[in-house]
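**Q** Could you have a look at this structure, given as structure tokens, before my questions?
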Amino acid sequence: MANIPDNLKYTESDEWARLEADGTVTVGITDFAQESLGDIVFVEMPTVGNTVAFNDGVAVVESVKAAADIHAPIGGEILEVNEEVRGSPELVNGDAYGNWLFRVKPSNAAELDKLLNAEQYAAKIGS
């Protein structure tokens, strides 16, 4: 059974989003996504300072067998990227929820309500 933490929101395209206490949103890919991709070898991060819209393709994760676009689960400004993951993308395979990809300052936090909860995401992936 897939690891699907209850405290996160999920996208149809297998990203997770966590609303932080300061109002920012931390984003990564799900455990299901990293398992499906296999050994991750490269992550193309979004550009800090760029403004993105809900569901925009903003990053790319490449594995030994595929490349996957990463979509913004919320619109806003890219505040930060995870340099540790940029340098060692395989970290995502070890802990998809501990190794986030980027942080967003949301332009409309209500967009998080469009995302799936853990139970809905589990149903989507058949877990």
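Labels for the structure tokens follow display order: chains A, B, ..., residues from 1 in each chain, ligands from 1.
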Got a sec: who's within 6 Å of Ile40 of chain A, counting only C-alpha atoms, leaving out chain neighbours fewer than 4 positions off, as a compact mmCIF listing (two decimals) with N, CA, C and O atoms, in the first residue's frame?

**A**
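Output file out-v1.txt follows:
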```
# COMPACT_ATOMS: atom_id res chain seq x y z
N GLU A 62 13.37 13.55 -13.93
CA GLU A 62 13.80 12.51 -14.87
C GLU A 62 14.33 11.32 -14.10
O GLU A 62 15.08 11.47 -13.14
N SER A 63 13.92 10.14 -14.57
CA SER A 63 14.43 8.90 -13.98
C SER A 63 15.13 8.11 -15.08
O SER A 63 15.18 8.55 -16.23
N PRO A 89 19.28 14.17 -6.68
CA PRO A 89 17.87 13.89 -6.95
C PRO A 89 17.38 12.54 -6.43
O PRO A 89 16.20 12.37 -6.16
N GLU A 90 18.30 11.62 -6.22
CA GLU A 90 17.92 10.30 -5.72
C GLU A 90 17.34 10.36 -4.31
O GLU A 90 16.71 9.40 -3.85
```

**Q** Mind checking which residues fall within 8 Å of Ile70 of chain A, counting only C-alpha atoms, ignoring those fewer than 4 positions away in the same chain, and posting them as a list in words?

**A**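 The filter keeps Ser13, Glu15, Ile29, Gly57, Val58, Ala59, Val60 and Val61 of chain A.
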
**Q** Run DSSP on the backbone and give me the residues of chain A it puts in strand (DSSP E), as a PyMOL selection string.

**A** chain A and resi 9-10+15-19+25-29+40-44+51-52+57-63+67-71+76-81+102-106

**Q** Find the residue from A:Gly28, A:Asp69, A:Ala21, A:Asn82 that sits nearest to Thr47 of chain A; use only C-alpha atoms when measuring.

**A**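 Among the listed residues, the smallest separation from Thr47 of chain A belongs to A:Asn82.
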
**Q** Out of A:Asp22, A:Asp31, A:Glu44, A:Glu84, which residue has the shortest atom-to-atom distance to Pro106 of chain A when counting only C-alpha atoms?

**A**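 Among the listed residues, the smallest separation from Pro106 of chain A belongs to A:Asp22.
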
**Q** Check the smallest atom-to-atom distance from each of A:Thr26, A:Thr51, A:Gln34, A:Ser88 to Lys65 of chain A using only C-alpha atoms, then report the winner.

**A**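 Of all the options, A:Gln34 lies closest to Lys65 of chain A.
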
**Q** Given only C-alpha atoms as the basis, pick out the residue of A:Leu8, A:Ala72, A:Ala33, A:Leu79 nearest to Val104 of chain A.

**A**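 Going through A:Leu8, A:Ala72, A:Ala33, A:Leu79 one by one, the smallest distance to Val104 of chain A is for A:Leu79.
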
**Q** Could you find all residues in segment 5-118 of chain A that DSSP calls helix (DSSP H, G or I) from the backbone, and write them as a ChimeraX atom specification?

**A** /A:31-37,83-87,91-94,109-114,118

**Q** Excluding Asn3 of chain A and any residue of its chain fewer than 5 positions from it, enumerate the residues within 10 Å of it, using only C-alpha atoms, and give them as a PyMOL selection string.

**A** chain A and resi 30-32+96-97+118+122+127

**Q** With C-alpha atoms kept, could you save the residues just selected as a PDB file, in the first residue's frame?

**A**
```
ATOM      1  CA  THR A  30       4.218  11.550  -4.044  1.00  0.00           C
ATOM      2  CA  ASP A  31       5.639   8.230  -2.972  1.00  0.00           C
ATOM      3  CA  PHE A  32       3.483   6.646  -5.696  1.00  0.00           C
ATOM      4  CA  ALA A  96       9.365  11.541  -1.297  1.00  0.00           C
ATOM      5  CA  TYR A  97       7.656  13.518   1.481  1.00  0.00           C
ATOM      6  CA  ALA A 118      -5.389  11.504   1.331  1.00  0.00           C
ATOM      7  CA  ALA A 122      -5.630   6.703  -2.351  1.00  0.00           C
ATOM      8  CA  SER A 127      -4.350   1.980  -3.014  1.00  0.00           C
TER       9      SER A 127
END
```

**Q** Taking into account only C-alpha atoms, which residue in the set A:Val25, A:Leu19, A:Ala123, A:Val64 is nearest to Gly38 of chain A?

**A**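 With only C-alpha atoms as the atom set, the closest residue is A:Val64.
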
**Q** Nearest to Trp100 of chain A: which of A:Val85, A:Ile125, A:Ala2, A:Asp14 is it, counting only C-alpha atoms?

**A**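 Counting only C-alpha atoms, the residue closest to Trp100 of chain A is A:Val85.
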
**Q** Using Å and a single decimal, report how far atom CA of Pro46 of chain A sits from atom CA of Val81 of chain A.

**A** 7.3 Å

**Q** If you count only C-alpha atoms, which residues fall within 12 Å of Lys114 of chain A, apart from same-chain ones fewer than 2 positions away, as a list in words?

**A**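 With the cut-off at 12 Å, the set is Lys9, Tyr10, Thr11, Glu12, Ala17, Phe54, Asn55, Pro73, Ile74, Gly75, Asn108, Ala109, Ala110, Glu111, Leu112, Leu116, Asn117 and Gln120 of chain A.
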